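Structure data (compact mmCIF, C-alpha atoms (C1' of nucleotides) and all ligand atoms) from protein_32.txt:
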# COMPACT_ATOMS: atom_id res chain seq x y z
CA MET A 1 116.09 60.00 81.21
CA THR A 2 117.81 60.60 84.55
CA ASP A 3 118.41 64.19 83.46
CA THR A 4 114.81 65.03 84.24
CA ASP A 5 115.04 63.21 87.56
CA ASP A 6 118.05 65.28 88.57
CA ARG A 7 116.21 68.44 87.75
CA GLU A 8 113.21 67.35 89.79
CA GLN A 9 115.43 66.50 92.73
CA GLU A 10 117.05 69.89 92.56
CA ALA A 11 113.68 71.60 92.44
CA LYS A 12 112.54 69.62 95.45
CA ARG A 13 115.59 70.56 97.51
CA HIS A 14 115.15 74.17 96.44
CA ALA A 15 111.53 74.13 97.57
CA GLU A 16 112.46 72.59 100.93
CA ARG A 17 114.85 75.45 101.60
CA PHE A 18 112.11 77.98 101.03
CA GLN A 19 109.76 76.04 103.26
CA ARG A 20 112.37 76.26 106.02
CA VAL A 21 112.63 80.02 105.59
CA ARG A 22 108.84 80.33 105.80
CA GLU A 23 108.80 78.29 108.99
CA ALA A 24 111.50 80.52 110.48
CA HIS A 25 109.38 83.54 109.76
CA GLN A 26 106.51 82.06 111.72
CA THR A 27 108.55 81.70 114.92
CA GLU A 28 110.48 84.92 114.50
CA VAL A 29 108.09 87.28 116.21
CA ALA A 30 107.62 84.96 119.16
CA GLU A 31 111.39 84.68 119.62
CA ASP A 32 111.95 88.42 119.56
CA TYR A 33 109.08 89.11 121.94
CA VAL A 34 110.04 86.60 124.61
CA GLU A 35 113.68 87.66 124.40
CA LEU A 36 112.66 91.29 124.98
CA ILE A 37 110.19 90.39 127.71
CA ALA A 38 112.90 88.48 129.57
CA ARG A 39 115.24 91.42 129.23
CA LEU A 40 112.72 93.98 130.47
CA ILE A 41 111.81 91.81 133.44
CA ASP A 42 115.48 91.39 134.21
CA GLU A 43 116.40 95.05 133.86
CA THR A 44 113.29 96.83 135.11
CA GLY A 45 111.36 94.25 137.11
CA GLU A 46 108.44 93.94 134.73
CA ALA A 47 107.39 93.84 131.09
CA ARG A 48 104.59 96.21 130.26
CA VAL A 49 102.73 96.55 126.97
CA VAL A 50 103.83 100.13 126.50
CA ASP A 51 107.50 99.24 126.93
CA LEU A 52 107.32 96.42 124.42
CA ALA A 53 105.63 98.82 122.02
CA VAL A 54 108.40 101.42 122.40
CA TRP A 55 111.24 98.93 122.19
CA LEU A 56 109.75 97.20 119.15
CA GLY A 57 108.59 100.30 117.35
CA VAL A 58 104.94 99.24 117.05
CA THR A 59 101.70 100.42 118.63
CA ASN A 60 100.19 99.25 121.88
CA ALA A 61 97.41 97.58 119.97
CA THR A 62 99.85 95.51 117.97
CA VAL A 63 101.64 94.38 121.11
CA ASN A 64 98.34 93.42 122.64
CA ASN A 65 97.41 91.26 119.69
CA THR A 66 100.76 89.56 119.65
CA VAL A 67 100.80 88.96 123.38
CA GLN A 68 97.43 87.24 123.06
CA ARG A 69 98.90 84.98 120.42
CA LEU A 70 101.90 84.24 122.62
CA GLN A 71 99.52 83.40 125.43
CA ARG A 72 97.50 81.15 123.17
CA ASP A 73 100.78 79.41 122.28
CA GLY A 74 101.75 78.95 125.90
CA LEU A 75 104.75 81.28 125.99
CA VAL A 76 103.43 84.02 128.28
CA THR A 77 100.70 84.69 130.81
CA SER A 78 99.02 87.99 131.49
CA LYS A 79 95.90 89.24 133.15
CA PRO A 80 93.99 92.29 131.88
CA TYR A 81 95.75 95.57 132.68
CA ARG A 82 98.62 93.71 134.34
CA SER A 83 102.16 93.18 133.12
CA ILE A 84 103.38 90.17 131.19
CA PHE A 85 105.09 87.06 132.51
CA LEU A 86 106.91 84.25 130.78
CA THR A 87 105.87 80.65 131.18
CA GLU A 88 108.53 78.02 131.61
CA ALA A 89 108.41 77.39 127.85
CA GLY A 90 108.65 81.14 127.28
CA ARG A 91 111.69 81.43 129.52
CA GLU A 92 113.39 78.58 127.71
CA LEU A 93 112.71 80.08 124.30
CA ALA A 94 113.89 83.47 125.54
CA GLU A 95 117.11 82.01 126.88
CA SER A 96 118.00 80.05 123.75
CA SER A 97 117.04 82.97 121.51
CA HIS A 98 119.21 85.27 123.57
CA GLN A 99 122.20 82.93 123.45
CA ARG A 100 121.83 82.63 119.71
CA HIS A 101 121.47 86.40 119.37
CA ILE A 102 124.68 87.22 121.19
CA LEU A 103 126.56 84.51 119.34
CA VAL A 104 125.50 85.91 115.97
CA ARG A 105 126.27 89.46 117.07
CA ASP A 106 129.66 88.56 118.52
CA PHE A 107 130.51 86.66 115.37
CA LEU A 108 129.76 89.71 113.24
CA LEU A 109 131.82 91.88 115.58
CA ALA A 110 134.72 89.44 115.30
CA LEU A 111 134.47 89.74 111.53
CA GLY A 112 135.08 93.46 111.87
CA VAL A 113 131.52 94.68 111.45
CA GLY A 114 130.73 97.83 113.44
CA GLU A 115 128.70 97.66 116.64
CA GLU A 116 125.40 99.09 115.48
CA THR A 117 125.48 97.19 112.19
CA ALA A 118 126.32 93.95 113.97
CA GLU A 119 123.42 94.44 116.32
CA ALA A 120 121.04 95.37 113.52
CA ASP A 121 121.99 92.55 111.16
CA ALA A 122 121.97 90.02 114.00
CA GLU A 123 118.34 90.92 114.67
CA GLY A 124 117.37 89.47 111.29
CA ILE A 125 120.05 86.86 110.71
CA GLU A 126 119.57 85.10 114.05
CA HIS A 127 116.31 83.51 112.90
CA HIS A 128 117.89 81.88 109.87
CA VAL A 129 121.04 80.22 111.21
CA SER A 130 120.99 76.46 111.62
CA ALA A 131 122.72 74.61 114.43
CA GLU A 132 125.49 73.70 112.04
CA THR A 133 126.15 77.31 111.10
CA LEU A 134 126.07 78.37 114.76
CA THR A 135 128.74 75.77 115.44
CA ALA A 136 130.83 77.21 112.65
CA PHE A 137 130.37 80.69 114.14
CA ARG A 138 131.56 79.40 117.53
CA ARG A 139 134.54 77.71 115.94
CA HIS A 140 135.52 80.90 114.18
CA LEU A 141 135.19 82.89 117.38
CA LYS A 142 137.42 80.49 119.26
CA ALA A 143 139.97 80.57 116.46
CA THR A 144 140.16 84.36 116.25
CA LYS A 145 139.07 85.85 119.56
CA PRO A 146 142.03 84.73 121.71
CA LYS A 147 143.54 88.22 121.65
CA LYS A 148 143.84 88.00 125.41
CA GLY A 149 146.47 85.37 124.70
CA ASN A 150 148.70 88.02 123.12
CA MET B 1 118.27 112.74 134.78
CA THR B 2 120.30 111.67 131.74
CA ASP B 3 119.82 108.08 132.84
CA THR B 4 116.30 108.12 131.50
CA ASP B 5 117.48 109.77 128.30
CA ASP B 6 120.03 107.01 127.74
CA ARG B 7 117.35 104.39 128.21
CA GLU B 8 115.09 106.15 125.73
CA GLN B 9 117.89 106.37 123.19
CA GLU B 10 118.59 102.70 123.56
CA ALA B 11 114.92 101.86 123.10
CA LYS B 12 114.79 104.01 119.98
CA ARG B 13 117.80 102.31 118.43
CA HIS B 14 116.34 98.93 119.34
CA ALA B 15 113.07 99.83 117.64
CA GLU B 16 114.86 101.03 114.52
CA ARG B 17 116.57 97.66 114.18
CA PHE B 18 113.25 95.88 114.26
CA GLN B 19 111.82 98.29 111.72
CA ARG B 20 114.70 97.38 109.40
CA VAL B 21 113.98 93.68 109.79
CA ARG B 22 110.32 94.29 108.96
CA GLU B 23 111.28 96.21 105.85
CA ALA B 24 113.57 93.39 104.77
CA HIS B 25 110.70 90.95 105.07
CA GLN B 26 108.63 93.03 102.71
CA THR B 27 111.16 92.83 99.89
CA GLU B 28 112.18 89.26 100.57
CA VAL B 29 109.59 87.50 98.45
CA ALA B 30 110.18 89.83 95.51
CA GLU B 31 113.92 89.19 95.65
CA ASP B 32 113.55 85.42 95.71
CA TYR B 33 111.01 85.41 92.89
CA VAL B 34 112.98 87.56 90.47
CA GLU B 35 116.16 85.65 91.25
CA LEU B 36 114.42 82.38 90.43
CA ILE B 37 112.70 83.79 87.36
CA ALA B 38 116.06 84.95 86.00
CA ARG B 39 117.52 81.53 86.66
CA LEU B 40 114.70 79.64 84.97
CA ILE B 41 114.83 81.90 81.94
CA ASP B 42 118.57 81.41 81.78
CA GLU B 43 118.52 77.65 82.18
CA THR B 44 115.30 76.64 80.43
CA GLY B 45 114.41 79.59 78.22
CA GLU B 46 111.30 80.63 80.08
CA ALA B 47 109.74 81.06 83.50
CA ARG B 48 106.33 79.45 83.82
CA VAL B 49 103.94 79.63 86.77
CA VAL B 50 104.06 75.90 87.32
CA ASP B 51 107.85 75.88 87.52
CA LEU B 52 107.96 78.70 90.02
CA ALA B 53 105.39 76.82 92.08
CA VAL B 54 107.45 73.62 92.08
CA TRP B 55 110.74 75.36 92.80
CA LEU B 56 109.26 77.46 95.60
CA GLY B 57 107.10 74.76 97.13
CA VAL B 58 103.82 76.69 96.86
CA THR B 59 100.68 76.28 94.76
CA ASN B 60 100.03 77.71 91.33
CA ALA B 61 97.47 80.05 92.80
CA THR B 62 99.99 81.51 95.21
CA VAL B 63 102.48 82.10 92.42
CA ASN B 64 99.79 83.82 90.41
CA ASN B 65 98.98 86.19 93.21
CA THR B 66 102.58 87.02 93.82
CA VAL B 67 103.35 87.53 90.14
CA GLN B 68 100.49 90.00 89.98
CA ARG B 69 102.02 91.90 92.86
CA LEU B 70 105.42 91.85 91.19
CA GLN B 71 103.81 93.17 88.04
CA ARG B 72 102.07 95.90 90.01
CA ASP B 73 105.48 96.81 91.44
CA GLY B 74 107.11 96.95 88.01
CA LEU B 75 109.41 93.96 88.39
CA VAL B 76 107.86 91.57 85.85
CA THR B 77 105.50 91.53 82.91
CA SER B 78 103.20 88.72 81.90
CA LYS B 79 100.18 88.24 79.73
CA PRO B 80 97.41 85.78 80.60
CA TYR B 81 98.43 82.16 80.02
CA ARG B 82 101.89 83.23 78.89
CA SER B 83 105.22 82.92 80.67
CA ILE B 84 106.79 85.58 82.84
CA PHE B 85 109.40 88.16 81.87
CA LEU B 86 111.55 90.47 83.94
CA THR B 87 111.48 94.21 83.45
CA GLU B 88 114.73 96.10 83.52
CA ALA B 89 114.16 96.82 87.21
CA GLY B 90 113.40 93.14 87.73
CA ARG B 91 116.59 92.08 86.01
CA GLU B 92 118.62 94.46 88.12
CA LEU B 93 117.05 93.24 91.34
CA ALA B 94 117.57 89.64 90.24
CA GLU B 95 121.21 90.25 89.48
CA SER B 96 122.04 92.02 92.74
CA SER B 97 120.05 89.45 94.73
CA HIS B 98 121.91 86.65 93.00
CA GLN B 99 125.31 88.19 93.65
CA ARG B 100 124.44 88.67 97.28
CA HIS B 101 123.11 85.12 97.49
CA ILE B 102 126.27 83.49 96.21
CA LEU B 103 128.42 85.70 98.38
CA VAL B 104 126.53 84.67 101.52
CA ARG B 105 126.59 81.01 100.47
CA ASP B 106 130.30 81.05 99.62
CA PHE B 107 131.06 82.74 102.89
CA LEU B 108 129.27 80.01 104.82
CA LEU B 109 131.09 77.37 102.80
CA ALA B 110 134.40 79.04 103.60
CA LEU B 111 133.49 78.88 107.28
CA GLY B 112 133.22 75.12 106.97
CA VAL B 113 129.45 74.79 106.79
CA GLY B 114 128.25 71.89 104.62
CA GLU B 115 126.88 72.49 101.13
CA GLU B 116 123.19 71.92 101.71
CA THR B 117 123.19 73.80 105.02
CA ALA B 118 125.07 76.71 103.46
CA GLU B 119 122.54 76.88 100.65
CA ALA B 120 119.59 76.61 103.02
CA ASP B 121 120.81 79.17 105.56
CA ALA B 122 121.85 81.56 102.80
CA GLU B 123 118.27 81.56 101.53
CA GLY B 124 117.15 83.26 104.72
CA ILE B 125 120.26 85.16 105.79
CA GLU B 126 120.75 86.91 102.44
CA HIS B 127 117.84 89.26 103.10
CA HIS B 128 119.24 90.51 106.37
CA VAL B 129 122.86 91.35 105.60
CA SER B 130 123.81 95.00 105.27
CA ALA B 131 126.35 96.32 102.82
CA GLU B 132 128.85 96.59 105.63
CA THR B 133 128.46 92.95 106.59
CA LEU B 134 128.71 91.87 102.95
CA THR B 135 132.00 93.74 102.76
CA ALA B 136 133.21 91.90 105.83
CA PHE B 137 132.18 88.60 104.21
CA ARG B 138 134.16 89.49 101.09
CA ARG B 139 137.17 90.45 103.16
CA HIS B 140 137.05 87.15 105.01
CA LEU B 141 136.76 85.23 101.75
CA LYS B 142 139.78 86.99 100.31
CA ALA B 143 141.74 86.36 103.47
CA THR B 144 140.98 82.64 103.60
CA LYS B 145 140.06 81.43 100.13
CA PRO B 146 143.47 81.82 98.44
CA LYS B 147 144.04 78.06 98.49
CA LYS B 148 144.85 78.26 94.81
CA GLY B 149 147.97 80.09 95.92
CA ASN B 150 149.20 76.93 97.65
C1' DA C 1 90.78 67.23 64.62
C1' DC C 2 89.64 66.45 68.91
C1' DA C 3 89.78 64.38 73.61
C1' DA C 4 92.47 64.40 77.56
C1' DA C 5 96.01 66.38 80.23
C1' DA C 6 98.49 70.21 81.76
C1' DA C 7 98.79 74.84 82.85
C1' DG C 8 96.86 79.07 84.26
C1' DT C 9 93.29 81.86 86.41
C1' DT C 10 89.74 83.26 89.58
C1' DA C 11 87.07 83.22 93.79
C1' DG C 12 86.85 82.69 98.40
C1' DC C 13 88.99 81.48 102.63
C1' DC C 14 92.38 82.00 106.59
C1' DG C 15 96.25 83.59 109.88
C1' DT C 16 99.70 87.01 110.77
C1' DC C 17 101.05 91.44 111.79
C1' DA C 18 100.55 95.94 111.05
C1' DC C 19 97.46 100.30 111.76
C1' DT C 20 93.78 103.97 113.80
C1' DA C 21 90.06 105.22 116.67
C1' DA C 22 87.23 104.71 120.52
C1' DC C 23 86.76 102.98 124.85
C1' DT C 24 88.03 101.33 129.80
C1' DT C 25 90.95 100.85 133.53
C1' DT C 26 94.78 102.21 136.37
C1' DA C 27 98.07 105.54 138.06
C1' DT C 28 99.38 110.32 139.09
C1' DA C 29 99.08 114.99 140.59
C1' DC C 30 97.17 118.25 143.10
C1' DG D 1 89.68 112.16 146.70
C1' DT D 2 88.97 113.47 142.36
C1' DA D 3 90.44 115.17 137.70
C1' DT D 4 93.71 114.20 134.40
C1' DA D 5 97.12 111.49 132.29
C1' DA D 6 98.89 107.13 131.10
C1' DA D 7 98.29 102.53 130.02
C1' DG D 8 95.70 98.86 128.27
C1' DT D 9 91.93 96.89 125.54
C1' DT D 10 88.69 96.25 121.79
C1' DA D 11 86.81 96.85 117.23
C1' DG D 12 87.45 97.45 112.64
C1' DT D 13 90.60 97.83 108.51
C1' DG D 14 94.17 96.35 105.27
C1' DA D 15 98.22 94.10 102.89
C1' DC D 16 100.63 89.92 102.50
C1' DG D 17 101.20 85.26 101.61
C1' DG D 18 99.47 81.10 102.05
C1' DC D 19 95.57 77.52 100.82
C1' DT D 20 91.55 74.70 98.10
C1' DA D 21 88.15 74.29 94.64
C1' DA D 22 86.16 75.41 90.38
C1' DC D 23 86.81 77.14 86.09
C1' DT D 24 89.21 78.42 81.45
C1' DT D 25 92.77 78.15 78.23
C1' DT D 26 96.54 75.92 76.04
C1' DT D 27 99.20 71.96 74.87
C1' DT D 28 99.70 67.20 73.74
C1' DG D 29 98.87 62.65 71.94
C1' DT D 30 96.63 59.83 68.89
MN MN A 201 116.89 88.91 119.10
MN MN A 202 115.34 89.08 115.76
MN MN A 203 116.05 84.02 99.96
MN MN A 204 118.16 83.80 97.07

Produce C-alpha cells that represent the structure in this file.
Amino acid sequence: MTDTDDREQEAKRHAERFQRVREAHQTEVAEDYVELIARLIDETGEARVVDLAVWLGVTNATVNNTVQRLQRDGLVTSKPYRSIFLTEAGRELAESSHQRHILVRDFLLALGVGEETAEADAEGIEHHVSAETLTAFRRHLKATKPKKGN
Amino acid sequence: MTDTDDREQEAKRHAERFQRVREAHQTEVAEDYVELIARLIDETGEARVVDLAVWLGVTNATVNNTVQRLQRDGLVTSKPYRSIFLTEAGRELAESSHQRHILVRDFLLALGVGEETAEADAEGIEHHVSAETLTAFRRHLKATKPKKGN
DNA sequence: ACAAAAAGTTAGCCGTCACTAACTTTATAC
DNA sequence: GTATAAAGTTAGTGACGGCTAACTTTTTGT
C-alpha cells in the first residue's frame, strides 16, 4: 500500500525540518556573540568580557565559558585577562550574521512592526531564515520601500 | 554625562531582547511536542512514543524523557506503556501553537517562498514572533491574498 | 498459546548554557 | 605606591535535550 509509504515520507520530511531547527540552535549563540563582539570593537575599540555580559544579560562566568568555546571553534582569540578578538572566520561570521540581522529587522519594519518589537523578534527569527526566505524578504523590501520615489 | 546613560539604556534593552529569545527556547520543545501530539491523535487516533520519535527525528528514549517533563509541567498525561494524552492546558497550547504555525507558514507562502522552505522555516520562526508581528503577518495576508476576488 | 517482534522504559553518558561563590589579576584612586 | 575596586577566571552545580545499551512489557503472527 502506497498510503503507508506516503505517510512515512511525510514523517521523514517532518523530522528533517526539526533537525534543521536543532542545528540552527547550535550555531545561534556563536552568531550572536561574534556579531556583538564585532560591534563593540567597532564602537568602543575593544570587546571585554564584562561588556558582553552586560549586553547579553548573562554573568561574566557565562561569557567566559562561551568565549572559550568560541576559541575552541576558531572564531575568536583571547589571552587571559585581555580583551577578545575575532579571527578571520569570526569576522566573516559576524559580518554575514549582521547583514542577515538588519535585513530581517528592516523587513519587519517595512511590514509595519514597531521598532523595538522588530529588533526583538529579529534577534530570534534571524537564526531560522533560509537563503530562500531572505531573498523573499529582499524582494518585498525592494517592492515596498521605494517611498523616496514618491 | 547623559552619553553614558544612553549607552547603558541601550545595553539594557539589548540584554532584554536576548532574555526573551532564551525564554522562547525554553518553551519551544513543549510547543512542538503538543502540536504534534494533537495532530497524531487527530489523524491516527493516538499519539505513541515511537511515532513522536519518528516524526521528530529523535530516539524513543529522548521522547520518553521529554514526555515526562511535559507531564511534570501539566501538559500531557500518560501511563506506562500506554499512549499519550493532552491535558486541557496541553490542548490549548497545541491549538494556539498550531494557529501560529499555519499563520507563519501561510505568510511565507504569500511572500513567494516555496512550500517545503516555508514549512521548514516556519518550524523555527514560529517560536520567535511576537503578537505584534503576527498581527502584521495577518494584515499582509489580508492585503495580498484576496486572489479569490479576481 | 507462545515465540518473536515491536514498543516502551530505565540507566548512564555527554555537550551546551545558564548560575553562584571563591579566587586572581588588573586598573583606579588617593 | 599601595589599598580598593573592577574585571576576569575557575570550580562546582543544575536543567535541558540529545544519545546508546540493556531491560521490560505489550503486541503480533502462526
Ligand atoms: Mn543578531
Ligand atoms: Mn540572535
Ligand atoms: Mn517549531
Ligand atoms: Mn510547529

For the interface of chain C with region 9-20 of chain D (cut-off 10 Å, counting all atoms listed in the file), please tabulate each contacting residue of chain C alongside its nearest pair of atoms and their separation in Å to one decimal, rows sorted by chain and increasing number, as CSV.
residue,atom,partner,partner_atom,distance
C:DG12,C1',D:DT20,C1',9.3
C:DC13,C1',D:DC19,C1',7.9
C:DC14,C1',D:DC19,C1',8.0
C:DG15,C1',D:DG18,C1',8.8
C:DT16,C1',D:DC16,C1',8.8
C:DC17,C1',D:DC16,C1',9.4
C:DA18,C1',D:DG14,C1',8.6
C:DC19,C1',D:DT13,C1',8.0
C:DT20,C1',D:DT13,C1',8.7
C:DA21,C1',D:DA11,C1',9.0
C:DA22,C1',D:DA11,C1',8.5
C:DC23,C1',D:DT10,C1',7.6
C:DT24,C1',D:DT9,C1',7.3
C:DT25,C1',D:DT9,C1',9.0

Report summary line: The residue from A:Leu56, A:Gly124, A:Leu75, A:Val49 with the smallest atom-to-atom distance to DA6 (chain D), counting all atoms listed in the file, is A:Val49

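One finds CA of Thr59 (chain B) at 20.9 Å from CA of Thr4 (chain A).
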
Report task. Please identify all polymer residues within 10 Å of Val63 (chain A), counting all atoms listed in the file, omitting same-chain residues fewer than 6 positions from it, and present them as a PyMOL selection string. Result -> (chain A and resi 33+48-54+56-57+69) or (chain C and resi 17)

Could you work out an axis-aligned bounding box for all listed atoms of region 55-64 of chain B, with 5 Å added on each of the six sides, and give its centre and edge lengths in Å to one decimal, as lines of an AutoDock Vina configuration file?
center_x = 104.1
center_y = 79.3
center_z = 93.8
size_x = 23.3
size_y = 19.1
size_z = 16.7

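If we count only C-alpha atoms (C1' of nucleotides), these residues of chain B sit within 10 Å of chain C: Arg48, Val49, Val50, Asn60, Ala61, Asn64, Asn65, Pro80, Tyr81, Arg82 and Ser83 of chain B.
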
Please save C-alpha atoms of the selected residues as a PDB file, keeping the file's coordinate frame.
ATOM      1  CA  ARG B  48     106.330  79.450  83.820  1.00  0.00           C
ATOM      2  CA  VAL B  49     103.940  79.630  86.770  1.00  0.00           C
ATOM      3  CA  VAL B  50     104.060  75.900  87.320  1.00  0.00           C
ATOM      4  CA  ASN B  60     100.030  77.710  91.330  1.00  0.00           C
ATOM      5  CA  ALA B  61      97.470  80.050  92.800  1.00  0.00           C
ATOM      6  CA  ASN B  64      99.790  83.820  90.410  1.00  0.00           C
ATOM      7  CA  ASN B  65      98.980  86.190  93.210  1.00  0.00           C
ATOM      8  CA  PRO B  80      97.410  85.780  80.600  1.00  0.00           C
ATOM      9  CA  TYR B  81      98.430  82.160  80.020  1.00  0.00           C
ATOM     10  CA  ARG B  82     101.890  83.230  78.890  1.00  0.00           C
ATOM     11  CA  SER B  83     105.220  82.920  80.670  1.00  0.00           C
TER      12      SER B  83
END

Query raised in the report: How far is it from CA of Leu134 (chain B) to CA of His127 (chain A), in Å with one decimal?
Result: 18.0 Å

Query raised in the report: Near region 98-108 of chain B, counting only C-alpha atoms (C1' of nucleotides), which residues have an atom at most 8 Å away, once you skip same-chain residues fewer than 5 positions from it, shown as a PyMOL selection string?
Result: (chain A and resi 133) or (chain B and resi 35+113+118-119+121-123+125-126+134+137-138+140-141)

Go ahead and write the residues just picked, C-alpha atoms, as a PDB file, in the frame of the given file.
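Result file selection-v3.pdb:
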ATOM      1  CA  THR A 133     126.150  77.310 111.100  1.00  0.00           C
TER       2      THR A 133
ATOM      3  CA  GLU B  35     116.160  85.650  91.250  1.00  0.00           C
ATOM      4  CA  VAL B 113     129.450  74.790 106.790  1.00  0.00           C
ATOM      5  CA  ALA B 118     125.070  76.710 103.460  1.00  0.00           C
ATOM      6  CA  GLU B 119     122.540  76.880 100.650  1.00  0.00           C
ATOM      7  CA  ASP B 121     120.810  79.170 105.560  1.00  0.00           C
ATOM      8  CA  ALA B 122     121.850  81.560 102.800  1.00  0.00           C
ATOM      9  CA  GLU B 123     118.270  81.560 101.530  1.00  0.00           C
ATOM     10  CA  ILE B 125     120.260  85.160 105.790  1.00  0.00           C
ATOM     11  CA  GLU B 126     120.750  86.910 102.440  1.00  0.00           C
ATOM     12  CA  LEU B 134     128.710  91.870 102.950  1.00  0.00           C
ATOM     13  CA  PHE B 137     132.180  88.600 104.210  1.00  0.00           C
ATOM     14  CA  ARG B 138     134.160  89.490 101.090  1.00  0.00           C
ATOM     15  CA  HIS B 140     137.050  87.150 105.010  1.00  0.00           C
ATOM     16  CA  LEU B 141     136.760  85.230 101.750  1.00  0.00           C
TER      17      LEU B 141
END

Requested in this report: Calculate how many Å separate C1' of DA7 (chain D) from CA of Ala47 (chain A), rounding to one decimal.
Outcome: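 Computing the Euclidean distance for C1' of DA7 (chain D) and CA of Ala47 (chain A) yields 12.6 Å.
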
Query raised in the report: Once you count all atoms listed in the file, which residues end up no further than 9 Å from (117.5, 95.1, 125.9) in the file's frame, shown as a VMD selection string?
Result: (chain A and resid 35 to 40 43 55) or (chain B and resid 10 to 11 14)

Could you take the residues named above and write them with C-alpha atoms, as a PDB file, in the frame of the given file?
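The file below, selection.pdb, is the result:
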ATOM      1  CA  GLU A  35     113.680  87.660 124.400  1.00  0.00           C
ATOM      2  CA  LEU A  36     112.660  91.290 124.980  1.00  0.00           C
ATOM      3  CA  ILE A  37     110.190  90.390 127.710  1.00  0.00           C
ATOM      4  CA  ALA A  38     112.900  88.480 129.570  1.00  0.00           C
ATOM      5  CA  ARG A  39     115.240  91.420 129.230  1.00  0.00           C
ATOM      6  CA  LEU A  40     112.720  93.980 130.470  1.00  0.00           C
ATOM      7  CA  GLU A  43     116.400  95.050 133.860  1.00  0.00           C
ATOM      8  CA  TRP A  55     111.240  98.930 122.190  1.00  0.00           C
TER       9      TRP A  55
ATOM     10  CA  GLU B  10     118.590 102.700 123.560  1.00  0.00           C
ATOM     11  CA  ALA B  11     114.920 101.860 123.100  1.00  0.00           C
ATOM     12  CA  HIS B  14     116.340  98.930 119.340  1.00  0.00           C
TER      13      HIS B  14
END

Which chain B residues have any atom within 10 Å of an atom of ligand MN 202 (chain A), and for each, what is the nearest pair of atoms with distance in Å to one decimal, counting all atoms listed in the file, rows sorted by chain and number, as JSON lines?
{"residue": "B:Arg17", "atom": "CA", "partner": "A:MN202", "partner_atom": "MN", "distance": 8.8}
{"residue": "B:Phe18", "atom": "CA", "partner": "A:MN202", "partner_atom": "MN", "distance": 7.3}
{"residue": "B:Val21", "atom": "CA", "partner": "A:MN202", "partner_atom": "MN", "distance": 7.7}
{"residue": "B:Arg22", "atom": "CA", "partner": "A:MN202", "partner_atom": "MN", "distance": 9.9}

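Nearest residue to ligand MN 204 (chain A) among B:Ala131, B:Val58, B:Ile84, B:Val29 is B:Val29, counting all atoms listed in the file.
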
Test item: residues at most 9 Å from Leu70 (chain A), all atoms listed in the file, excluding those fewer than 4 positions along its chain, as an mmCIF file with C-alpha atoms, in the frame of the given file:
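So part_36.cif came out as:
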data_model
loop_
_atom_site.group_PDB
_atom_site.id
_atom_site.type_symbol
_atom_site.label_atom_id
_atom_site.label_comp_id
_atom_site.auth_asym_id
_atom_site.auth_seq_id
_atom_site.Cartn_x
_atom_site.Cartn_y
_atom_site.Cartn_z
ATOM 1 C CA ALA A 30 107.620 84.960 119.160
ATOM 2 C CA TYR A 33 109.080 89.110 121.940
ATOM 3 C CA VAL A 34 110.040 86.600 124.610
ATOM 4 C CA ASN A 65 97.410 91.260 119.690
ATOM 5 C CA THR A 66 100.760 89.560 119.650
ATOM 6 C CA GLY A 74 101.750 78.950 125.900
ATOM 7 C CA LEU A 75 104.750 81.280 125.990
ATOM 8 C CA VAL A 76 103.430 84.020 128.280
ATOM 9 C CA THR A 77 100.700 84.690 130.810
ATOM 10 C CA GLY A 90 108.650 81.140 127.280
#

**Report entry** Top pick for closest residue to ligand MN 203 (chain A), considering A:Ser97, A:Gln19, A:Gln9, A:Thr44 and counting only C-alpha atoms and all ligand atoms
**Finding:**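 Nearest candidate to ligand MN 203 (chain A) out of A:Ser97, A:Gln19, A:Gln9, A:Thr44: A:Gln19.
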